[in-house]
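Here is query_34.pdb, consisting of PDB, C-alpha atoms:
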ATOM      1  CA  MET O1112     -22.486  12.709 -13.225
ATOM      2  CA  LEU O1113     -22.481  12.223 -16.954
ATOM      3  CA  ALA O1114     -19.972   9.947 -18.528
ATOM      4  CA  ASP O1115     -17.559  11.468 -20.943
ATOM      5  CA  PRO O1116     -18.766  11.021 -24.519
ATOM      6  CA  SER O1117     -15.457   9.496 -25.406
ATOM      7  CA  PRO O1118     -14.495   9.439 -29.084
ATOM      8  CA  GLY O1119     -13.641   5.757 -28.924
ATOM      9  CA  PRO O1120     -13.007   2.869 -26.578
ATOM     10  CA  HIS O1121     -10.419   3.761 -23.970
ATOM     11  CA  GLU O1122      -7.796   1.239 -23.004
ATOM     12  CA  TRP O1123      -8.289   1.842 -19.272
ATOM     13  CA  LEU O1124     -12.019   1.590 -19.216
ATOM     14  CA  ASP O1125     -13.816  -1.689 -18.815
ATOM     15  CA  ALA O1126     -15.565  -3.664 -16.096
ATOM     16  CA  ASP O1127     -12.269  -4.484 -14.356
ATOM     17  CA  ALA O1128     -11.201  -0.899 -14.211
ATOM     18  CA  GLY O1129     -14.196   0.263 -12.190
ATOM     19  CA  PRO O1130     -16.538   3.161 -12.620
ATOM     20  CA  VAL O1131     -15.682   6.264 -14.532
ATOM     21  CA  VAL O1132     -15.474   9.086 -12.053
ATOM     22  CA  ARG O1133     -14.600  12.728 -11.865
ATOM     23  CA  PRO O1134     -12.679  12.754  -8.615
ATOM     24  CA  TYR O1135     -10.623  15.787  -9.488
ATOM     25  CA  THR O1136     -13.623  18.088  -9.441
ATOM     26  CA  LEU O1137     -12.767  18.535  -5.779
ATOM     27  CA  THR O1138      -9.271  19.733  -6.603
ATOM     28  CA  GLY O1139     -10.334  22.116  -9.330
ATOM     29  CA  GLY O1140      -8.802  19.849 -11.929
ATOM     30  CA  ARG O1141      -5.367  19.728 -10.354
ATOM     31  CA  VAL O1142      -3.873  16.252 -10.518
ATOM     32  CA  ARG O1143      -0.613  16.867  -8.667
ATOM     33  CA  PRO O1144       0.006  18.614  -5.363
ATOM     34  CA  ALA O1145       1.842  21.917  -5.499
ATOM     35  CA  GLY O1146       4.946  20.555  -3.804
ATOM     36  CA  ASP O1147       6.285  17.041  -3.441
ATOM     37  CA  ALA O1148       4.242  13.917  -3.901
ATOM     38  CA  PHE O1149       3.470  12.320  -0.586
ATOM     39  CA  ASP O1150       4.320   8.706   0.120
ATOM     40  CA  LEU O1151       1.424   6.391   0.961
ATOM     41  CA  VAL O1152       2.875   5.905   4.436
ATOM     42  CA  ALA O1153       4.039   9.485   4.999
ATOM     43  CA  PHE O1154       2.558  10.669   8.295
ATOM     44  CA  VAL O1155       0.363  13.740   8.293
ATOM     45  CA  LEU O1156       0.057  15.758  11.455
ATOM     46  CA  ALA O1157      -2.164  18.785  11.960
ATOM     47  CA  GLY O1158      -0.359  21.958  12.902
ATOM     48  CA  ARG O1159      -2.376  24.874  14.164
ATOM     49  CA  ASP O1160      -6.133  24.950  14.539
ATOM     50  CA  VAL O1161      -8.204  25.688  11.509
ATOM     51  CA  ASP O1162      -9.997  29.004  11.352
ATOM     52  CA  ALA O1163     -13.639  27.922  11.351
ATOM     53  CA  ALA O1164     -14.580  30.913   9.209
ATOM     54  CA  ASP O1165     -11.914  30.388   6.556
ATOM     55  CA  PRO O1166     -13.962  30.363   3.347
ATOM     56  CA  TRP O1167     -11.110  28.895   1.393
ATOM     57  CA  LEU O1168     -11.282  25.498   3.073
ATOM     58  CA  ALA O1169     -13.505  22.786   1.631
ATOM     59  CA  PRO O1170     -15.183  20.345   4.015
ATOM     60  CA  GLU O1171     -12.661  17.724   2.881
ATOM     61  CA  HIS O1172      -9.772  19.983   3.886
ATOM     62  CA  ARG O1173     -11.303  20.417   7.335
ATOM     63  CA  ARG O1174     -11.899  16.722   7.710
ATOM     64  CA  LEU O1175      -8.264  15.988   6.836
ATOM     65  CA  VAL O1176      -7.048  18.403   9.509
ATOM     66  CA  GLU O1177      -9.417  16.829  12.040
ATOM     67  CA  LEU O1178      -8.180  13.337  11.302
ATOM     68  CA  ALA O1179      -4.561  14.454  11.473
ATOM     69  CA  HIS O1180      -4.677  15.531  15.091
ATOM     70  CA  ARG O1181      -2.846  12.301  15.659
ATOM     71  CA  PRO O1182      -0.239  11.233  13.077
ATOM     72  CA  VAL O1183      -2.028   9.459  10.207
ATOM     73  CA  PRO O1184      -0.502   8.038   7.044
ATOM     74  CA  VAL O1185      -1.684   9.339   3.676
ATOM     75  CA  ALA O1186      -3.217   6.003   2.632
ATOM     76  CA  GLU O1187      -5.327   5.868   5.772
ATOM     77  CA  LEU O1188      -6.612   9.402   5.187
ATOM     78  CA  ALA O1189      -7.661   8.453   1.660
ATOM     79  CA  ALA O1190      -9.479   5.396   2.975
ATOM     80  CA  GLU O1191     -11.184   7.376   5.752
ATOM     81  CA  LEU O1192     -12.394  10.059   3.379
ATOM     82  CA  ASP O1193     -13.200   7.528   0.682
ATOM     83  CA  LEU O1194     -11.259   9.620  -1.799
ATOM     84  CA  ALA O1195      -8.623   8.620  -4.318
ATOM     85  CA  VAL O1196      -5.063   8.890  -3.039
ATOM     86  CA  GLY O1197      -4.269  11.331  -5.838
ATOM     87  CA  VAL O1198      -7.054  13.660  -4.728
ATOM     88  CA  VAL O1199      -5.988  13.504  -1.087
ATOM     89  CA  ARG O1200      -2.433  14.383  -2.111
ATOM     90  CA  VAL O1201      -3.610  17.532  -3.840
ATOM     91  CA  LEU O1202      -5.698  18.545  -0.814
ATOM     92  CA  LEU O1203      -2.767  17.844   1.506
ATOM     93  CA  GLY O1204      -0.566  20.005  -0.705
ATOM     94  CA  ASP O1205      -3.041  22.844  -0.149
ATOM     95  CA  LEU O1206      -3.004  22.337   3.604
ATOM     96  CA  LEU O1207       0.766  22.090   3.682
ATOM     97  CA  ALA O1208       1.120  25.335   1.747
ATOM     98  CA  ARG O1209      -1.085  27.055   4.324
ATOM     99  CA  GLY O1210       0.846  25.605   7.233
ATOM    100  CA  LEU O1211      -2.141  23.661   8.506
ATOM    101  CA  VAL O1212      -0.434  20.282   8.410
ATOM    102  CA  ALA O1213       3.063  18.889   8.467
ATOM    103  CA  VAL O1214       3.891  15.879   6.303
ATOM    104  CA  HIS O1215       6.656  13.524   7.384
ATOM    105  CA  GLU O1216       8.017  11.306   4.657
ATOM    106  CA  PRO O1217       9.103   7.832   5.762
ATOM    107  CA  PRO O1218      12.756   7.750   6.807
ATOM    108  CA  ALA O1219      15.173   5.723   4.675
ATOM    109  CA  VAL O1220      15.436   3.254   7.530
ATOM    110  CA  ALA O1221      11.859   2.061   6.831
ATOM    111  CA  ALA O1222      13.037   0.225   3.719
ATOM    112  CA  ARG O1223      16.076  -1.192   5.476
ATOM    113  CA  PRO O1224      15.235  -1.289   9.151
ATOM    114  CA  HIS O1225      17.882  -2.320  11.611
ATOM    115  CA  ASP O1226      18.076  -5.801  12.970
ATOM    116  CA  ASP O1227      16.500  -4.845  16.298
ATOM    117  CA  ILE O1228      13.458  -3.498  14.470
ATOM    118  CA  LEU O1229      13.087  -6.715  12.458
ATOM    119  CA  LYS O1230      13.314  -8.681  15.696
ATOM    120  CA  ALA O1231      10.621  -6.508  17.246
ATOM    121  CA  VAL O1232       8.363  -7.106  14.214
ATOM    122  CA  VAL O1233       8.795 -10.874  14.409
ATOM    123  CA  SER O1234       8.132 -11.050  18.135
ATOM    124  CA  GLY O1235       5.213  -8.631  17.763
ATOM    125  CA  LEU O1236       3.690 -10.808  15.048
ATOM    126  CA  ARG O1237       4.201 -13.944  17.114
ATOM    127  CA  ALA O1238       2.399 -12.301  20.020
ATOM    128  CA  LEU O1239      -0.655 -11.274  17.980
TER     129      LEU O1239
ATOM    130  CA  MET Y1009      15.265   0.967  19.499
ATOM    131  CA  ASP Y1010      15.601   4.054  17.379
ATOM    132  CA  SER Y1011      12.365   3.815  15.448
ATOM    133  CA  VAL Y1012      10.746   6.748  17.197
ATOM    134  CA  ARG Y1013      11.040  10.085  15.510
ATOM    135  CA  SER Y1014      10.020  13.411  16.762
ATOM    136  CA  ASP Y1015       7.760  15.323  14.431
ATOM    137  CA  GLY Y1016      10.296  18.113  14.451
ATOM    138  CA  ALA Y1017       7.596  20.739  14.831
ATOM    139  CA  GLY Y1018       7.898  20.953  18.566
ATOM    140  CA  THR Y1019       4.429  19.588  19.260
ATOM    141  CA  GLY Y1020       5.954  16.564  20.955
ATOM    142  CA  ALA Y1021       3.975  14.088  18.869
ATOM    143  CA  ARG Y1022       5.763  10.813  18.332
ATOM    144  CA  LEU Y1023       5.725   9.352  14.880
ATOM    145  CA  PRO Y1024       5.674   5.581  14.624
ATOM    146  CA  LEU Y1025       7.908   3.894  12.103
ATOM    147  CA  ALA Y1026       5.680   2.554   9.318
ATOM    148  CA  LEU Y1027       6.943  -0.482   7.434
ATOM    149  CA  LYS Y1028       5.368  -1.228   4.097
ATOM    150  CA  ILE Y1029       4.684  -4.785   2.959
ATOM    151  CA  LEU Y1030       3.148  -5.598  -0.403
ATOM    152  CA  VAL Y1031       0.736  -8.437  -1.047
ATOM    153  CA  ALA Y1032       0.882  -9.461  -4.689
ATOM    154  CA  GLY Y1033      -0.243 -12.324  -6.858
ATOM    155  CA  GLY Y1034      -2.598 -13.043  -9.694
ATOM    156  CA  PHE Y1035      -6.190 -11.933  -9.882
ATOM    157  CA  GLY Y1036      -8.261 -13.939  -7.409
ATOM    158  CA  ALA Y1037      -5.245 -15.422  -5.601
ATOM    159  CA  GLY Y1038      -6.523 -14.178  -2.238
ATOM    160  CA  LYS Y1039      -4.789 -10.811  -1.824
ATOM    161  CA  THR Y1040      -7.864  -9.011  -0.521
ATOM    162  CA  THR Y1041      -8.667 -11.939   1.769
ATOM    163  CA  LEU Y1042      -5.176 -12.018   3.255
ATOM    164  CA  VAL Y1043      -5.035  -8.268   3.867
ATOM    165  CA  SER Y1044      -8.485  -8.383   5.498
ATOM    166  CA  ALA Y1045      -7.562 -11.350   7.684
ATOM    167  CA  LEU Y1046      -4.431  -9.619   8.959
ATOM    168  CA  SER Y1047      -5.571  -6.043   9.306
ATOM    169  CA  GLU Y1048      -6.617  -4.747  12.714
ATOM    170  CA  VAL Y1049      -8.739  -2.071  11.103
ATOM    171  CA  ARG Y1050     -11.784  -2.803   9.023
ATOM    172  CA  PRO Y1051     -10.768  -3.691   5.505
ATOM    173  CA  LEU Y1052      -9.995  -0.420   3.844
ATOM    174  CA  GLN Y1053      -9.687   0.232   0.209
ATOM    175  CA  THR Y1054      -7.855   3.182  -1.060
ATOM    176  CA  GLU Y1055      -8.042   4.165  -4.650
ATOM    177  CA  GLU Y1056      -5.565   5.461  -7.082
ATOM    178  CA  VAL Y1057      -6.834   7.421 -10.000
ATOM    179  CA  LEU Y1058      -5.648   6.877 -13.493
ATOM    180  CA  THR Y1059      -5.880   9.607 -15.983
ATOM    181  CA  GLY Y1060      -4.982   9.737 -19.603
ATOM    182  CA  ALA Y1061      -2.115  11.676 -21.103
ATOM    183  CA  GLY Y1062      -1.477  14.941 -19.357
ATOM    184  CA  VAL Y1063      -0.955  13.619 -15.857
ATOM    185  CA  GLY Y1064       1.482  15.834 -14.052
ATOM    186  CA  THR Y1065       0.271  19.097 -15.377
ATOM    187  CA  ASP Y1066      -1.619  21.618 -13.353
ATOM    188  CA  ASP Y1067      -3.305  22.825 -16.442
ATOM    189  CA  LEU Y1068      -7.056  22.930 -16.167
ATOM    190  CA  SER Y1069      -7.598  22.900 -19.891
ATOM    191  CA  GLY Y1070      -7.939  19.422 -21.265
ATOM    192  CA  VAL Y1071      -9.096  17.926 -17.991
ATOM    193  CA  GLU Y1072     -12.594  17.694 -19.314
ATOM    194  CA  THR Y1073     -11.455  15.345 -22.065
ATOM    195  CA  LYS Y1074      -9.419  13.066 -19.853
ATOM    196  CA  SER Y1075     -10.865   9.771 -18.830
ATOM    197  CA  THR Y1076     -10.421   8.890 -15.231
ATOM    198  CA  THR Y1077     -11.020   5.642 -13.520
ATOM    199  CA  THR Y1078     -10.155   4.198 -10.171
ATOM    200  CA  VAL Y1079      -8.054   1.241  -9.195
ATOM    201  CA  ALA Y1080      -8.755  -0.122  -5.770
ATOM    202  CA  MET Y1081      -5.802  -1.043  -3.589
ATOM    203  CA  ASP Y1082      -6.436  -3.047  -0.463
ATOM    204  CA  PHE Y1083      -4.840  -1.632   2.562
ATOM    205  CA  GLY Y1084      -4.464  -2.915   6.116
ATOM    206  CA  ARG Y1085      -2.615  -2.095   9.308
ATOM    207  CA  ILE Y1086      -0.943  -4.149  12.017
ATOM    208  CA  THR Y1087       0.295  -2.307  15.095
ATOM    209  CA  ILE Y1088       3.352  -4.012  16.514
ATOM    210  CA  ASN Y1089       3.769  -1.494  19.332
ATOM    211  CA  ASP Y1090       3.387   2.240  19.896
ATOM    212  CA  ASP Y1091       6.412   2.944  17.761
ATOM    213  CA  LEU Y1092       6.114   0.389  15.011
ATOM    214  CA  GLN Y1093       3.373  -0.307  12.482
ATOM    215  CA  LEU Y1094       3.110  -2.579   9.483
ATOM    216  CA  TYR Y1095       1.089  -1.402   6.516
ATOM    217  CA  LEU Y1096      -0.069  -3.978   4.037
ATOM    218  CA  PHE Y1097      -0.887  -3.001   0.487
ATOM    219  CA  GLY Y1098      -2.569  -5.352  -1.931
ATOM    220  CA  THR Y1099      -1.318  -4.675  -5.422
ATOM    221  CA  PRO Y1100      -3.728  -4.020  -8.270
ATOM    222  CA  GLY Y1101      -4.378  -7.299 -10.018
ATOM    223  CA  GLN Y1102      -4.188  -6.334 -13.648
ATOM    224  CA  ASP Y1103      -0.951  -6.157 -15.549
ATOM    225  CA  ARG Y1104      -1.738  -2.793 -17.080
ATOM    226  CA  PHE Y1105      -1.510  -1.203 -13.641
ATOM    227  CA  TRP Y1106       2.184  -2.037 -13.291
ATOM    228  CA  PHE Y1107       3.122   1.603 -13.037
ATOM    229  CA  LEU Y1108       1.254   1.807  -9.728
ATOM    230  CA  TRP Y1109       3.444  -0.967  -8.379
ATOM    231  CA  ASP Y1110       6.533   1.214  -8.549
ATOM    232  CA  GLU Y1111       5.002   3.651  -6.152
ATOM    233  CA  LEU Y1112       3.798   0.879  -3.856
ATOM    234  CA  ALA Y1113       7.156  -0.855  -3.945
ATOM    235  CA  PHE Y1114       9.147   2.288  -3.185
ATOM    236  CA  GLY Y1115      10.571   1.935   0.296
ATOM    237  CA  ALA Y1116       8.853  -1.403   0.900
ATOM    238  CA  LEU Y1117      10.353  -3.837   3.356
ATOM    239  CA  GLY Y1118       9.328  -6.778   1.216
ATOM    240  CA  ALA Y1119       6.464  -8.607  -0.432
ATOM    241  CA  VAL Y1120       4.257 -11.639  -0.158
ATOM    242  CA  VAL Y1121       3.382 -13.254  -3.481
ATOM    243  CA  LEU Y1122       0.248 -15.361  -3.225
ATOM    244  CA  ALA Y1123       0.080 -18.331  -5.547
ATOM    245  CA  ASP Y1124      -3.007 -20.273  -6.506
ATOM    246  CA  THR Y1125      -1.954 -23.767  -7.575
ATOM    247  CA  ARG Y1126      -4.889 -23.925  -9.998
ATOM    248  CA  ARG Y1127      -3.423 -20.961 -11.870
ATOM    249  CA  LEU Y1128       0.209 -20.977 -10.923
ATOM    250  CA  ALA Y1129       1.347 -18.958 -13.921
ATOM    251  CA  ASP Y1130      -0.693 -15.974 -12.708
ATOM    252  CA  CYS Y1131       1.920 -15.164 -10.082
ATOM    253  CA  PHE Y1132       4.912 -15.288 -12.473
ATOM    254  CA  PRO Y1133       4.760 -11.553 -13.262
ATOM    255  CA  SER Y1134       4.765 -10.681  -9.546
ATOM    256  CA  ILE Y1135       7.778 -12.909  -8.909
ATOM    257  CA  ASP Y1136       9.610 -11.392 -11.899
ATOM    258  CA  TYR Y1137       8.827  -7.908 -10.659
ATOM    259  CA  PHE Y1138      10.304  -8.409  -7.195
ATOM    260  CA  GLU Y1139      13.270 -10.426  -8.459
ATOM    261  CA  GLN Y1140      14.211  -7.733 -10.952
ATOM    262  CA  ARG Y1141      14.059  -5.000  -8.346
ATOM    263  CA  GLY Y1142      15.827  -6.941  -5.629
ATOM    264  CA  ILE Y1143      12.870  -6.627  -3.272
ATOM    265  CA  PRO Y1144      12.800  -9.516  -0.789
ATOM    266  CA  PHE Y1145       9.707 -11.683  -1.111
ATOM    267  CA  VAL Y1146       8.189 -14.956   0.006
ATOM    268  CA  VAL Y1147       5.667 -17.050  -1.896
ATOM    269  CA  GLY Y1148       2.542 -18.149  -0.049
ATOM    270  CA  VAL Y1149       0.702 -21.031  -1.676
ATOM    271  CA  ASN Y1150      -2.916 -20.299  -0.849
ATOM    272  CA  CYS Y1151      -4.695 -23.572  -0.126
ATOM    273  CA  PHE Y1152      -8.137 -23.095  -1.524
ATOM    274  CA  ASP Y1153     -10.898 -25.509  -0.643
ATOM    275  CA  GLY Y1154     -10.990 -28.233  -3.195
ATOM    276  CA  ALA Y1155      -7.696 -27.224  -4.764
ATOM    277  CA  ARG Y1156      -5.343 -30.082  -5.363
ATOM    278  CA  ARG Y1157      -2.679 -30.138  -2.690
ATOM    279  CA  PHE Y1158       0.654 -29.812  -4.378
ATOM    280  CA  ASP Y1159       3.946 -30.899  -3.033
ATOM    281  CA  LEU Y1160       5.901 -27.735  -2.193
ATOM    282  CA  GLU Y1161       8.982 -28.904  -4.065
ATOM    283  CA  THR Y1162       6.871 -29.406  -7.182
ATOM    284  CA  VAL Y1163       5.546 -25.859  -6.840
ATOM    285  CA  ARG Y1164       9.051 -24.501  -6.269
ATOM    286  CA  ARG Y1165      10.257 -26.159  -9.453
ATOM    287  CA  ALA Y1166       7.245 -24.952 -11.417
ATOM    288  CA  LEU Y1167       7.893 -21.384 -10.235
ATOM    289  CA  ASP Y1168      11.630 -21.707 -10.839
ATOM    290  CA  LEU Y1169      12.219 -20.055  -7.463
ATOM    291  CA  ASP Y1170      15.667 -19.364  -6.102
ATOM    292  CA  PRO Y1171      16.416 -21.897  -3.372
ATOM    293  CA  ASP Y1172      16.650 -19.193  -0.717
ATOM    294  CA  VAL Y1173      13.182 -17.735  -1.390
ATOM    295  CA  PRO Y1174      10.809 -19.098   1.264
ATOM    296  CA  LEU Y1175       7.791 -20.997  -0.047
ATOM    297  CA  VAL Y1176       5.043 -21.605   2.478
ATOM    298  CA  LEU Y1177       1.574 -23.090   2.462
ATOM    299  CA  CYS Y1178      -1.089 -20.783   3.831
ATOM    300  CA  ASP Y1179      -4.776 -20.173   4.168
ATOM    301  CA  ALA Y1180      -5.379 -16.535   3.275
ATOM    302  CA  ARG Y1181      -8.598 -16.508   5.323
ATOM    303  CA  ASP Y1182      -6.826 -17.463   8.514
ATOM    304  CA  ARG Y1183      -5.120 -14.767  10.562
ATOM    305  CA  GLN Y1184      -2.660 -17.135  12.238
ATOM    306  CA  SER Y1185      -1.702 -18.588   8.899
ATOM    307  CA  GLY Y1186      -1.245 -15.114   7.394
ATOM    308  CA  LYS Y1187       0.888 -14.116  10.367
ATOM    309  CA  GLN Y1188       3.213 -17.046   9.686
ATOM    310  CA  VAL Y1189       3.650 -15.846   6.107
ATOM    311  CA  LEU Y1190       4.613 -12.364   7.321
ATOM    312  CA  ILE Y1191       6.994 -13.831   9.879
ATOM    313  CA  SER Y1192       8.728 -15.879   7.187
ATOM    314  CA  LEU Y1193       9.053 -12.711   5.107
ATOM    315  CA  VAL Y1194      10.626 -10.674   7.919
ATOM    316  CA  GLU Y1195      12.958 -13.552   8.784
ATOM    317  CA  HIS Y1196      13.890 -13.798   5.117
ATOM    318  CA  VAL Y1197      14.680 -10.061   5.029
ATOM    319  CA  ALA Y1198      16.883 -10.471   8.101
ATOM    320  CA  ARG Y1199      18.631 -13.545   6.641
ATOM    321  CA  GLN Y1200      19.382 -11.710   3.426
ATOM    322  CA  ARG Y1201      21.333  -9.229   5.453
ATOM    323  CA  GLY Y1202      23.187 -11.928   7.286
ATOM    324  CA  GLU Y1203      21.445 -11.002  10.494
ATOM    325  CA  PRO Y1204      19.123 -13.919  11.163
ATOM    326  CA  VAL Y1205      16.343 -13.382  13.647
ATOM    327  CA  PRO Y1206      16.759 -16.058  16.312
ATOM    328  CA  ALA Y1207      13.852 -18.467  16.615
ATOM    329  CA  ALA Y1208      11.622 -17.817  19.609
TER     330      ALA Y1208
END
The structure given in the file should be rewritten as structure tokens.
Amino acid sequence: MLADPSPGPHEWLDADAGPVVRPYTLTGGRVRPAGDAFDLVAFVLAGRDVDAADPWLAPEHRRLVELAHRPVPVAELAAELDLAVGVVRVLLGDLLARGLVAVHEPPAVAARPHDDILKAVVSGLRAL
Amino acid sequence: MDSVRSDGAGTGARLPLALKILVAGGFGAGKTTLVSALSEVRPLQTEEVLTGAGVGTDDLSGVETKSTTTVAMDFGRITINDDLQLYLFGTPGQDRFWFLWDELAFGALGAVVLADTRRLADCFPSIDYFEQRGIPFVVGVNCFDGARRFDLETVRRALDLDPDVPLVLCDARDRQSGKQVLISLVEHVARQRGEPVPAA
């Protein structure tokens, strides 16, 4: 893919920043999902089966639904598909709008878990 | 334990509770190494895309002139039990990616700040960030081969750390060592709430 003939040096772009990419080609240029943004650890769970003949679904959409047959967090889906989190969010927004997945945002308790949960984490870590 | 949630859609699937822990520190302090050493899944990188002005619009026009680039975020998982998972996120190393930290830090249980004694000042911004937002954190002094071994009290003074913030020596390559850092973080979180986790 050709690099953008940028009019001047861009503050984001250098060796540290990584390659210039066009990841949003897959989303038709959309950079935000239709509904809410999804947390990195929101769990995605596939709803009904995908119609194999549905021409609207891209291979990436289908792959997301496949992976979400068990609850998977958004960050893990992005890593599995090797796509940017932002792109996966847009695709998930599509799937959500069509009722193909459910997205469960982390409960407030995740940031302030109860004492018994903290104890379970410590003993779980000790046992690893 | 009440960490299990139903998915609410009647499919009967159980959703684990996912706790988010950040791994921060200066560039080259060992964030990637620590996440890899602790994660039960192969080291995964997930990428966040940066775009220029115009983020947040659904407008196709103008997209072609926007520069996009990717920022890799390390990401790892530790399963505590069927109902409880820890997710580790390595923060992007460069200061200009601060805005990504806010998303990472949202709803986080706490953070590990890795310090490299050869470049101690590199972790100051991370410490400032978590202090300002009241996010509990511990500092892990990564003992690199050949690095001068510092006395912990000297490091604590140099970092101007609050006395209650745990400061631990660690080897980011070593899983057991990394585990101890996480344990000190979770114990610190519990202590802050006045609900200390009893020692095993």
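Running the PyMOL selection byres ((chain Y and resi 1198) around 10) on this file leaves Arg1223, Pro1224, His1225, Asp1226, Asp1227, Leu1229 and Lys1230 of chain O; Pro1144, Ser1192, Leu1193, Val1194, Glu1195, His1196, Val1197, Arg1199, Gln1200, Arg1201, Gly1202, Glu1203, Pro1204, Val1205 and Pro1206 of chain Y selected.
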Expanded to explicit residues, what is the PyMOL selection byres ((chain Y and resi 1116) around 8) for this file, as a list in words?
->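 Checking the PyMOL selection byres ((chain Y and resi 1116) around 8) against this file, the residues are Ala1221 and Ala1222 of chain O; Leu1027, Lys1028, Ile1029, Leu1030, Leu1112, Ala1113, Phe1114, Gly1115, Leu1117, Gly1118, Ala1119 and Ile1143 of chain Y.
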Report as a PyMOL selection string the full result of the PyMOL selection byres ((chain Y and resi 1146) around 6) when it is applied to this structure.
-> chain Y and resi 1120+1145+1147+1173-1174+1193
Spatial neighbours of Y:Leu1177, max dist 12 Å, all atoms listed in the file, sep filter under 4 positions, as a ChimeraX atom specification = /Y:1121-1125,1146-1152,1157-1161,1163-1164,1182,1185-1189,1192
Grab the atom CA of O:Tyr1135 to atom CA of O:Arg1209 distance for me, in Å with one decimal place.
->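 Computing it gives 20.2 Å between the two atoms.
In terms of minimum interatomic distance to O:Arg1159, O:Leu1211 ranks closest within O:Leu1211, O:Val1198, O:Ala1231, O:Leu1236, counting all atoms listed in the file.
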Counting only C-alpha atoms, which of O:Gly1139, O:Gly1204, O:Gly1210, O:Pro1166 gets nearest to chain Y?
->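 When distances to chain Y are compared using only C-alpha atoms, the smallest one comes from O:Gly1139.
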Nearest candidate to O:Ser1234 (options Y:Ala1080, Y:Leu1190, Y:Ala1037, Y:Val1043; using only C-alpha atoms) =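 Closest candidate: Y:Leu1190.
Among the candidate residues Y:Gln1093, Y:Ser1134, Y:Thr1054, Y:Thr1099, the one lying nearest to chain O is Y:Thr1054, with distances computed using all atoms listed in the file.
For the pair atom CA of Y:Ala1026 and atom CA of Y:Asp1091, the interatomic distance is 8.5 Å.
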One-decimal distance in Å that lies between atom CA of Y:Phe1097 and atom CA of Y:Asp1110 = 12.4 Å
Rank Y:Gln1140, Y:Ile1135, Y:Trp1106, Y:Glu1055 by their smallest atom-to-atom distance to O:Ala1195, using all atoms listed in the file, and report the top residue only.
->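 Distance minimum relative to O:Ala1195 lands on Y:Glu1055.
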Counting all atoms listed in the file, figure out which residue out of O:Ala1190, O:Glu1216, O:Val1183, O:Leu1206 gets nearest to chain Y.
->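 For chain Y, the nearest of the given residues is O:Ala1190.
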Hey, what's within 12 Å of O:Pro1170 if we count all atoms listed in the file and toss same-chain stuff fewer than 4 positions away? As a ChimeraX atom specification, please?
-> /O:1137,1161,1163-1166,1174-1177,1192,1202
Output the selection as a compact mmCIF listing (two decimals), keeping the file's coordinate frame - C-alpha atoms for each residue.
# COMPACT_ATOMS: atom_id res chain seq x y z
CA LEU O 1137 -12.77 18.54 -5.78
CA VAL O 1161 -8.20 25.69 11.51
CA ALA O 1163 -13.64 27.92 11.35
CA ALA O 1164 -14.58 30.91 9.21
CA ASP O 1165 -11.91 30.39 6.56
CA PRO O 1166 -13.96 30.36 3.35
CA ARG O 1174 -11.90 16.72 7.71
CA LEU O 1175 -8.26 15.99 6.84
CA VAL O 1176 -7.05 18.40 9.51
CA GLU O 1177 -9.42 16.83 12.04
CA LEU O 1192 -12.39 10.06 3.38
CA LEU O 1202 -5.70 18.55 -0.81
Using all atoms listed in the file, find all polymer residues with an atom at most 6 Å away from the point (-9.3, 6.8, -5.9); report them as a PDB file with C-alpha atoms, in the frame of the given file.
ATOM      1  CA  LEU O1194     -11.259   9.620  -1.799  1.00  0.00           C
ATOM      2  CA  ALA O1195      -8.623   8.620  -4.318  1.00  0.00           C
ATOM      3  CA  VAL O1196      -5.063   8.890  -3.039  1.00  0.00           C
TER       4      VAL O1196
ATOM      5  CA  GLU Y1055      -8.042   4.165  -4.650  1.00  0.00           C
ATOM      6  CA  GLU Y1056      -5.565   5.461  -7.082  1.00  0.00           C
ATOM      7  CA  VAL Y1057      -6.834   7.421 -10.000  1.00  0.00           C
ATOM      8  CA  THR Y1078     -10.155   4.198 -10.171  1.00  0.00           C
TER       9      THR Y1078
END
